[in-house]
$ cat my_file31.txt   # compact mmCIF, C-alpha atoms
# COMPACT_ATOMS: atom_id res chain seq x y z
CA MET A 1 0.00 0.00 0.00
CA ILE A 2 1.30 3.44 -0.97
CA GLY A 3 1.70 5.77 2.01
CA ALA A 4 1.96 9.52 2.50
CA ALA A 5 4.61 11.51 0.63
CA THR A 6 8.15 10.49 1.56
CA LEU A 7 9.89 12.84 -0.88
CA GLN A 8 8.63 16.29 -1.86
CA ILE A 9 10.26 18.22 -4.70
CA GLN A 10 9.10 21.82 -4.82
CA GLY A 11 9.84 24.26 -7.66
CA MET A 12 13.17 22.63 -8.50
CA THR A 13 15.02 24.77 -11.05
CA ARG A 14 18.50 24.60 -12.57
CA ALA A 15 19.85 26.55 -15.54
CA PHE A 16 23.07 26.20 -17.51
CA GLY A 17 23.84 29.54 -19.05
CA GLY A 18 20.53 30.75 -20.43
CA VAL A 19 19.01 27.27 -20.77
CA LYS A 20 16.79 25.91 -18.00
CA ALA A 21 17.55 22.20 -17.85
CA VAL A 22 15.01 21.80 -15.03
CA SER A 23 12.32 24.42 -14.55
CA GLU A 24 9.88 24.72 -11.62
CA VAL A 25 9.46 20.97 -11.20
CA ASP A 26 7.12 19.77 -8.45
CA LEU A 27 6.93 16.06 -7.64
CA GLU A 28 5.90 13.90 -4.68
CA VAL A 29 6.82 10.27 -4.04
CA GLY A 30 4.91 8.24 -1.48
CA THR A 31 6.08 5.35 0.70
CA ARG A 32 6.34 2.13 -1.34
CA GLU A 33 5.57 4.06 -4.51
CA ILE A 34 7.29 3.60 -7.86
CA VAL A 35 7.26 6.78 -9.90
CA GLY A 36 8.37 6.60 -13.52
CA LEU A 37 10.11 9.69 -14.86
CA ILE A 38 10.11 9.88 -18.64
CA GLY A 39 10.67 12.41 -21.39
CA PRO A 40 12.51 12.88 -24.69
CA ASN A 41 16.30 13.06 -24.76
CA GLY A 42 17.42 16.29 -23.15
CA ALA A 43 14.20 16.67 -21.16
CA GLY A 44 16.06 17.12 -17.86
CA LYS A 45 15.66 13.70 -16.24
CA THR A 46 19.32 13.08 -15.37
CA THR A 47 19.77 16.73 -14.35
CA LEU A 48 16.90 16.28 -11.88
CA PHE A 49 18.58 13.14 -10.52
CA ASN A 50 21.83 15.07 -10.14
CA LEU A 51 19.96 17.73 -8.16
CA LEU A 52 18.28 15.14 -5.92
CA SER A 53 21.57 13.36 -5.21
CA GLY A 54 23.52 16.57 -4.51
CA LEU A 55 25.81 16.43 -7.53
CA LEU A 56 24.27 19.72 -8.63
CA ARG A 57 22.85 22.60 -6.60
CA PRO A 58 19.49 24.05 -7.65
CA ASP A 59 19.08 27.71 -8.56
CA ARG A 60 15.68 27.63 -6.90
CA GLY A 61 13.41 25.15 -5.20
CA ARG A 62 13.92 22.56 -2.51
CA MET A 63 13.51 18.90 -1.66
CA LEU A 64 12.18 17.45 1.57
CA LEU A 65 12.66 13.87 2.75
CA GLN A 66 10.19 13.04 5.52
CA GLY A 67 9.90 16.79 6.08
CA GLN A 68 13.67 17.27 6.38
CA ASP A 69 15.14 19.84 3.97
CA LEU A 70 18.06 18.29 2.07
CA THR A 71 18.28 20.87 -0.71
CA HIS A 72 21.80 22.19 -0.20
CA ARG A 73 23.44 19.21 1.48
CA PRO A 74 26.50 17.57 -0.11
CA PRO A 75 26.08 14.15 -1.76
CA HIS A 76 27.37 12.06 1.15
CA ARG A 77 24.94 13.70 3.57
CA ILE A 78 22.03 13.23 1.18
CA THR A 79 22.95 9.54 0.89
CA ALA A 80 23.16 9.24 4.67
CA ALA A 81 19.73 10.90 4.97
CA GLY A 82 18.17 8.23 2.77
CA ILE A 83 18.52 8.92 -0.99
CA ALA A 84 20.75 6.66 -3.11
CA ARG A 85 21.14 6.35 -6.86
CA THR A 86 22.53 4.43 -9.78
CA PHE A 87 23.97 6.06 -12.90
CA GLN A 88 23.08 6.01 -16.57
CA ASN A 89 26.67 4.99 -17.31
CA VAL A 90 27.67 2.17 -14.98
CA ARG A 91 30.22 3.28 -12.39
CA VAL A 92 31.96 0.50 -10.46
CA PHE A 93 35.47 -0.04 -9.11
CA GLU A 94 36.65 -2.59 -11.65
CA ARG A 95 39.77 -3.72 -9.77
CA MET A 96 37.92 -4.21 -6.50
CA THR A 97 35.94 -7.37 -5.90
CA VAL A 98 32.18 -7.48 -6.31
CA LEU A 99 31.88 -7.71 -2.51
CA GLU A 100 34.20 -4.75 -1.93
CA ASN A 101 32.14 -2.61 -4.30
CA VAL A 102 29.04 -3.20 -2.19
CA MET A 103 30.97 -2.64 1.03
CA VAL A 104 31.82 0.83 -0.29
CA GLY A 105 28.09 1.52 -0.35
CA ARG A 106 27.94 0.87 3.41
CA HIS A 107 30.38 3.71 4.14
CA CYS A 108 27.64 6.16 5.14
CA ARG A 109 26.36 3.65 7.74
CA THR A 110 29.68 2.88 9.44
CA ARG A 111 30.66 4.22 12.85
CA ALA A 112 34.32 3.25 13.23
CA GLY A 113 36.71 6.14 12.70
CA LEU A 114 40.14 6.28 11.11
CA GLY A 115 41.90 5.67 14.41
CA SER A 116 40.08 2.46 15.25
CA ALA A 117 40.53 1.23 11.68
CA LEU A 118 44.29 1.81 11.76
CA LEU A 119 44.64 0.20 15.17
CA LYS A 120 42.28 -2.67 14.31
CA LEU A 121 40.39 -2.21 17.55
CA PRO A 122 37.78 -4.87 18.49
CA PHE A 123 34.91 -2.51 17.65
CA GLU A 124 36.30 -1.95 14.16
CA ARG A 125 36.77 -5.69 13.56
CA ARG A 126 33.19 -6.43 14.65
CA GLU A 127 31.85 -3.68 12.44
CA GLU A 128 33.85 -4.88 9.43
CA GLY A 129 32.43 -8.36 9.90
CA ARG A 130 28.93 -6.91 10.04
CA ILE A 131 29.53 -4.89 6.86
CA VAL A 132 30.69 -8.01 5.01
CA ARG A 133 27.59 -9.95 6.09
CA GLN A 134 25.28 -7.13 5.07
CA ALA A 135 27.03 -6.68 1.72
CA LEU A 136 26.63 -10.40 1.02
CA ASP A 137 22.93 -10.12 1.82
CA TYR A 138 22.52 -7.40 -0.81
CA LEU A 139 24.49 -9.42 -3.34
CA ASP A 140 22.24 -12.38 -2.65
CA LEU A 141 19.21 -10.16 -3.20
CA VAL A 142 20.39 -9.22 -6.72
CA GLY A 143 21.69 -12.72 -7.50
CA LEU A 144 25.43 -12.02 -7.32
CA ALA A 145 26.46 -13.70 -4.07
CA ALA A 146 28.21 -16.55 -5.89
CA ARG A 147 30.50 -14.06 -7.64
CA SER A 148 31.30 -11.94 -4.59
CA HIS A 149 35.07 -12.52 -4.70
CA GLU A 150 35.55 -11.90 -8.42
CA PRO A 151 36.95 -8.60 -9.66
CA ALA A 152 34.02 -6.40 -10.65
CA GLY A 153 35.65 -5.81 -14.03
CA ASN A 154 35.09 -9.49 -14.89
CA LEU A 155 31.31 -9.15 -14.82
CA PRO A 156 29.31 -8.82 -18.04
CA PHE A 157 27.41 -5.57 -18.52
CA GLY A 158 24.05 -6.85 -17.30
CA LEU A 159 25.52 -8.02 -14.01
CA LEU A 160 27.35 -4.72 -13.56
CA ARG A 161 23.92 -3.06 -13.57
CA LEU A 162 22.83 -5.37 -10.75
CA LEU A 163 26.06 -4.73 -8.84
CA GLU A 164 25.47 -0.99 -9.00
CA ILE A 165 21.96 -1.49 -7.62
CA ALA A 166 23.33 -3.67 -4.80
CA ARG A 167 25.85 -0.96 -3.91
CA ALA A 168 23.08 1.65 -3.79
CA LEU A 169 20.94 -0.63 -1.61
CA ALA A 170 23.83 -1.00 0.83
CA ALA A 171 23.25 2.62 1.86
CA GLU A 172 19.78 1.61 3.11
CA PRO A 173 17.91 4.28 1.14
CA GLN A 174 14.31 5.31 1.64
CA ILE A 175 14.33 6.65 -1.93
CA LEU A 176 16.18 4.81 -4.69
CA LEU A 177 16.89 6.71 -7.91
CA LEU A 178 17.36 4.33 -10.85
CA ASP A 179 18.82 6.07 -13.91
CA GLU A 180 18.19 3.89 -16.98
CA PRO A 181 18.85 0.55 -15.22
CA ALA A 182 17.62 -1.44 -18.24
CA ALA A 183 19.89 0.28 -20.78
CA GLY A 184 21.92 -2.35 -22.62
CA LEU A 185 20.07 -5.30 -21.07
CA ASN A 186 18.54 -8.14 -23.07
CA THR A 187 14.95 -9.33 -22.59
CA ALA A 188 15.76 -11.92 -19.93
CA GLU A 189 17.92 -9.45 -17.96
CA THR A 190 15.18 -6.82 -18.14
CA GLU A 191 12.64 -9.29 -16.77
CA GLN A 192 15.02 -10.09 -13.90
CA LEU A 193 15.43 -6.38 -13.24
CA ALA A 194 11.65 -5.86 -13.16
CA LYS A 195 11.26 -8.60 -10.55
CA LEU A 196 14.03 -7.07 -8.46
CA ILE A 197 12.46 -3.59 -8.55
CA GLY A 198 9.12 -5.06 -7.54
CA SER A 199 10.74 -6.86 -4.60
CA LEU A 200 12.36 -3.63 -3.42
CA ARG A 201 8.95 -1.98 -3.20
CA GLN A 202 7.73 -4.92 -1.11
CA ARG A 203 10.59 -4.17 1.29
CA GLY A 204 9.17 -0.68 1.83
CA MET A 205 11.35 1.26 -0.57
CA SER A 206 10.22 4.16 -2.77
CA ILE A 207 11.69 4.35 -6.28
CA ILE A 208 12.01 6.94 -9.02
CA LEU A 209 12.66 5.11 -12.28
CA VAL A 210 14.10 6.72 -15.41
CA ASP A 211 14.29 4.46 -18.43
CA HIS A 212 13.71 4.51 -22.17
CA ASP A 213 12.07 1.06 -22.00
CA MET A 214 8.46 2.28 -21.92
CA ARG A 215 7.04 -1.18 -21.32
CA LEU A 216 9.18 -1.56 -18.19
CA VAL A 217 8.26 1.91 -16.89
CA MET A 218 4.54 1.58 -17.58
CA GLU A 219 4.27 -1.92 -16.09
CA LEU A 220 6.16 -1.10 -12.89
CA SER A 221 5.11 2.47 -12.12
CA ASP A 222 2.22 3.52 -9.91
CA ARG A 223 2.52 7.00 -11.38
CA VAL A 224 4.43 8.48 -14.28
CA ALA A 225 5.72 12.05 -14.50
CA VAL A 226 6.78 13.47 -17.85
CA LEU A 227 9.43 16.13 -18.43
CA ASP A 228 9.82 18.09 -21.65
CA GLN A 229 12.43 20.82 -22.05
CA GLY A 230 12.92 20.88 -18.29
CA ARG A 231 9.26 21.31 -17.35
CA LYS A 232 6.83 18.74 -15.98
CA ILE A 233 4.04 18.47 -18.52
CA ALA A 234 2.12 15.49 -17.13
CA ASP A 235 1.77 13.45 -13.93
CA GLY A 236 -0.68 10.58 -13.54
CA THR A 237 -1.30 6.88 -13.92
CA PRO A 238 0.48 5.12 -16.78
CA ARG A 239 -2.76 4.97 -18.77
CA GLU A 240 -3.48 8.67 -18.21
CA VAL A 241 0.02 9.66 -19.29
CA GLN A 242 -0.01 7.43 -22.38
CA ASN A 243 -3.22 9.11 -23.55
CA ASP A 244 -2.20 12.67 -22.70
CA PRO A 245 -1.98 14.76 -25.90
CA ARG A 246 0.87 16.84 -24.47
CA VAL A 247 2.96 13.71 -23.95
CA ILE A 248 2.20 12.41 -27.43
CA VAL A 249 3.30 15.70 -28.96
CA ALA A 250 6.46 15.86 -26.82
CA TYR A 251 7.57 12.40 -27.91
CA LEU A 252 6.47 11.94 -31.47
CA GLY A 253 4.79 15.07 -32.79
CA GLU A 254 1.22 16.11 -33.49
CA THR A 255 0.30 13.04 -35.53
CA ALA A 256 1.75 10.39 -33.18
CA ALA A 257 -0.36 7.88 -31.29
CA THR A 258 1.46 6.55 -28.21
CA PRO A 259 4.93 7.36 -26.79
CA GLU A 260 7.38 4.50 -27.18
CA ALA A 261 10.69 6.30 -26.55
$ encode --input "my_file31.txt" --output "structure tokens"
Amino acid sequence: MIGAATLQIQGMTRAFGGVKAVSEVDLEVGTREIVGLIGPNGAGKTTLFNLLSGLLRPDRGRMLLQGQDLTHRPPHRITAAGIARTFQNVRVFERMTVLENVMVGRHCRTRAGLGSALLKLPFERREEGRIVRQALDYLDLVGLAARSHEPAGNLPFGLLRLLEIARALAAEPQILLLDEPAAGLNTAETEQLAKLIGSLRQRGMSIILVDHDMRLVMELSDRVAVLDQGRKIADGTPREVQNDPRVIVAYLGETAATPEA
């Protein structure tokens, strides 16, 4: 069941030079809700993700997570507060093992300081053991536990997508931002991804999903928001959005029927 708004985005605006990449965007995401975010290339989807994750600062607007204003916090503090993301272009540490990559994602939840780590104090050793166990749990969730000790660079592209999701999950987010997670995946891998995203919602997570696979977005999303030239032009159920004339024009022109990105 979808709960009250977990994330509130209010008037979010960011310009580059004279071009507004994101302009006065309002969006709410409820507990256990999957919100699809779609739009033509250059619509502002990734820029909005960069604003939500702290990689960019907005010119105007704010974002609230459970009523807490995170607008101008740096990325690591936004992650610690409960927002984690994946990237359109996969970013992993190729020379580190699969397990170590996920352990990196636990950094914002660790308590041991540099001193205890250098001295290998009992508290640090216990915490490290706990981090390993938790990282293995996330790898098991995405189906990569059996490859935990391989270098991440050995994984095929589809599994790298899953590894990046596992690393994001290790931060224990309330809101997970998925930036084109199905890009480059085959049909079987996309089906596996869809099942994983559905299971994350069952665990209580809220998700904003950006992807050019319209079937995936429409099947998974409770609501779909549409950006065009930085502005939100539609927000509703998948059926409502698919039949919205503004969306049809934005994607395929006046004579088009249904957006298929």
$ residues_around --input "my_file31.txt" --residues "Ala168 of chain A" --least-positions-apart "3" --cutoff "6 Å" --atoms "only C-alpha atoms" --output "NGL selection string"
:A and (84-85 or 165 or 171)
$ residues_around --input "my_file31.txt" --residues "Leu37 of chain A" --least-positions-apart "3" --cutoff "9 Å" --atoms "all atoms listed in the file" --output "JSON, numbers by chain"
{"A": [45, 208, 209, 210, 211, 217, 223, 224, 225, 226, 227]}
$ closest_residue --input "my_file31.txt" --among "A:Ala183, A:Leu56, A:Val241, A:Met12" --to "Pro75 of chain A" --atoms "only C-alpha atoms"
A:Leu56
$ closest_residue --input "my_file31.txt" --among "A:Val249, A:Val22, A:Ile34, A:Leu220" --to "Leu177 of chain A" --atoms "only C-alpha atoms"
A:Ile34
$ residues_around --input "my_file31.txt" --residues "segment 132-143 of chain A" --least-positions-apart "6" --cutoff "12 Å" --atoms "only C-alpha atoms" --output "ChimeraX atom specification"
/A:97-107,109-110,125-126,149,158-172,189,192-197,199-200,203
$ write_last_selection --input "my_file31.txt" --atoms "C-alpha atoms" --output "compact mmCIF listing (two decimals), in the frame of the given file"
# COMPACT_ATOMS: atom_id res chain seq x y z
CA THR A 97 35.94 -7.37 -5.90
CA VAL A 98 32.18 -7.48 -6.31
CA LEU A 99 31.88 -7.71 -2.51
CA GLU A 100 34.20 -4.75 -1.93
CA ASN A 101 32.14 -2.61 -4.30
CA VAL A 102 29.04 -3.20 -2.19
CA MET A 103 30.97 -2.64 1.03
CA VAL A 104 31.82 0.83 -0.29
CA GLY A 105 28.09 1.52 -0.35
CA ARG A 106 27.94 0.87 3.41
CA HIS A 107 30.38 3.71 4.14
CA ARG A 109 26.36 3.65 7.74
CA THR A 110 29.68 2.88 9.44
CA ARG A 125 36.77 -5.69 13.56
CA ARG A 126 33.19 -6.43 14.65
CA HIS A 149 35.07 -12.52 -4.70
CA GLY A 158 24.05 -6.85 -17.30
CA LEU A 159 25.52 -8.02 -14.01
CA LEU A 160 27.35 -4.72 -13.56
CA ARG A 161 23.92 -3.06 -13.57
CA LEU A 162 22.83 -5.37 -10.75
CA LEU A 163 26.06 -4.73 -8.84
CA GLU A 164 25.47 -0.99 -9.00
CA ILE A 165 21.96 -1.49 -7.62
CA ALA A 166 23.33 -3.67 -4.80
CA ARG A 167 25.85 -0.96 -3.91
CA ALA A 168 23.08 1.65 -3.79
CA LEU A 169 20.94 -0.63 -1.61
CA ALA A 170 23.83 -1.00 0.83
CA ALA A 171 23.25 2.62 1.86
CA GLU A 172 19.78 1.61 3.11
CA GLU A 189 17.92 -9.45 -17.96
CA GLN A 192 15.02 -10.09 -13.90
CA LEU A 193 15.43 -6.38 -13.24
CA ALA A 194 11.65 -5.86 -13.16
CA LYS A 195 11.26 -8.60 -10.55
CA LEU A 196 14.03 -7.07 -8.46
CA ILE A 197 12.46 -3.59 -8.55
CA SER A 199 10.74 -6.86 -4.60
CA LEU A 200 12.36 -3.63 -3.42
CA ARG A 203 10.59 -4.17 1.29
$ residues_around --input "my_file31.txt" --residues "Met214 of chain A" --least-positions-apart "6" --cutoff "12 Å" --atoms "only C-alpha atoms" --output "list of chain:residue names"
A:Gly36, A:Leu37, A:Ile38, A:Gly39, A:Pro40, A:Glu180, A:Ala182, A:Ala183, A:Thr190, A:Leu220, A:Ser221, A:Val224, A:Pro238, A:Arg239, A:Val241, A:Gln242, A:Tyr251, A:Thr258, A:Pro259, A:Glu260, A:Ala261
$ atom_distance --input "my_file31.txt" --atom1 "atom CA of Arg14 of chain A" --atom2 "atom CA of Thr86 of chain A"
20.8 Å
$ atom_distance --input "my_file31.txt" --atom1 "atom CA of Asp228 of chain A" --atom2 "atom CA of Gly44 of chain A"
7.4 Å
$ atom_distance --input "my_file31.txt" --atom1 "atom CA of Ala152 of chain A" --atom2 "atom CA of Ile131 of chain A"
18.1 Å
